[in-house]
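A.B. asks: Pasting a structure below so you can have a look.
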Amino acid sequence: MQKRSFYGMIVSWGIVLGWMAVIFYLSAQHAEQSADLSGGITEFVNEVVEKVVPQTDLHIEQISYFVRKNAHFFAYMLLAILTLNALRRSGVRGRKSGALAFVISVLYAISDEVHQLFVPGRSGQVSDVLLDSVGALTGIGLYMFLSRWKKRKKKT
């Protein structure tokens with residue numbers, strides 16, 4: 001293995017582990033801390049929606065739910081993309097890399113929800129694992145689509 005690709009592989013796995021640590025950190029926040037974080041994001045989204053579409057009749061609870069669920073989706077979409085990239089840099093190719101990235105992402109989502117069972121005010125939910133899994137699958141699909149598009153563009 002060339003030095004450059006070895007370091008690229010190490011860095012890509014380091015980024016995966018770093019992103020997993022961010023997810024773990026956010027999941028370890030007590031319910032009040034988590035609510036404060038999502039509340040700030042919710043207020044920002046509410047202000048943007050009110051400016052863009054002032055006639056919209058949205059309630060803070062709806063926006064908060066939307067923000068929290070999208071956070072799950074995008075966190076695991078990014079985790080799957082980063083994991084798939086690290087697997088590819090490690091020499092795993094084809095559908096096997098996508099399947100393995102999906103399994104790693106889903107197992108981490110499950111462990112994350114179990115972890116939340118031990119955090120005061122938080123709970124683990126199967127629906128969140130399902131949402132995380134859809135996010136991971138979307139990320140893998142996006143990565144593979146863009147990889148194929150990039151290859152085709154190089155050929156022409």
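Following the order of the structure tokens, first chain is A, next is B, and so on, with residues numbered from 1 inside each chain and ligands from 1 in the order they appear.
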As JSON, numbers by chain, which residues of range 11-142 of chain A does DSSP assign to helix (DSSP H, G or I)?
C.D. replies: {"A": [11, 12, 13, 14, 15, 16, 17, 18, 19, 20, 21, 22, 23, 24, 25, 26, 27, 31, 32, 33, 34, 35, 36, 37, 38, 39, 40, 41, 42, 43, 44, 45, 46, 47, 48, 49, 50, 51, 52, 60, 61, 62, 63, 64, 65, 66, 67, 68, 69, 70, 71, 72, 73, 74, 75, 76, 77, 78, 79, 80, 81, 82, 83, 84, 85, 86, 87, 88, 89, 94, 95, 96, 97, 98, 99, 100, 101, 102, 103, 104, 105, 106, 107, 108, 109, 110, 111, 112, 113, 114, 115, 116, 126, 127, 128, 129, 130, 131, 132, 133, 134, 135, 136, 137, 138, 139, 140, 141, 142]}
A.B. asks: May I have the residues within 8 Å of Leu82 in chain A as a PDB file with N, CA and C atoms, in the first residue's frame, using only C-alpha atoms and disregarding those fewer than 4 positions away in the same chain?
C.D. replies:
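The result, stored in part13.pdb:
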ATOM      1  N   SER A  12      -9.405   9.044   6.952  1.00  0.00           N
ATOM      2  CA  SER A  12     -10.842   8.844   6.698  1.00  0.00           C
ATOM      3  C   SER A  12     -11.496   8.069   7.844  1.00  0.00           C
ATOM      4  N   ILE A  15     -11.928  10.423  10.766  1.00  0.00           N
ATOM      5  CA  ILE A  15     -13.101  11.292  10.599  1.00  0.00           C
ATOM      6  C   ILE A  15     -14.381  10.543  10.960  1.00  0.00           C
ATOM      7  N   VAL A  16     -14.459   9.272  10.566  1.00  0.00           N
ATOM      8  CA  VAL A  16     -15.627   8.450  10.936  1.00  0.00           C
ATOM      9  C   VAL A  16     -15.749   8.380  12.450  1.00  0.00           C
ATOM     10  N   LEU A  78     -24.698  11.421   6.929  1.00  0.00           N
ATOM     11  CA  LEU A  78     -23.283  11.788   6.902  1.00  0.00           C
ATOM     12  C   LEU A  78     -22.402  10.652   7.427  1.00  0.00           C
ATOM     13  N   ALA A  86     -14.425   5.708   3.893  1.00  0.00           N
ATOM     14  CA  ALA A  86     -13.329   5.042   4.603  1.00  0.00           C
ATOM     15  C   ALA A  86     -13.178   3.595   4.137  1.00  0.00           C
TER      16      ALA A  86
END
A.B. asks: I need the residue nearest Ala28 in chain A from this list: A:Val48, A:Leu137, A:Val129, A:Leu117. Use only C-alpha atoms for the distance.
C.D. replies: A:Leu117
A.B. asks: Between CA of Tyr65 in chain A and CA of Val22 in chain A, what is the spacing in Å?
C.D. replies: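 Those two atoms sit 20.7 Å apart.
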A.B. asks: My list of candidates is A:Ser105, A:Asn70, A:Gln116, A:Ser127. Which is closest to Tyr25 in chain A when distances are computed with only C-alpha atoms?
C.D. replies: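 Result for the nearest residue to Tyr25 in chain A: A:Gln116.
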A.B. asks: Give the answer as one residue: which of A:Val114, A:Met77, A:Val126, A:Leu84 has the shortest atom-to-atom distance to Leu100 in chain A, using only C-alpha atoms?
C.D. replies: A:Leu84
A.B. asks: When distances are computed from only C-alpha atoms, which of A:Glu50, A:Ser90, A:Leu26, A:Glu61 shows the smallest separation from Val11 in chain A?
C.D. replies: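 The closest residue to Val11 in chain A is A:Ser90.
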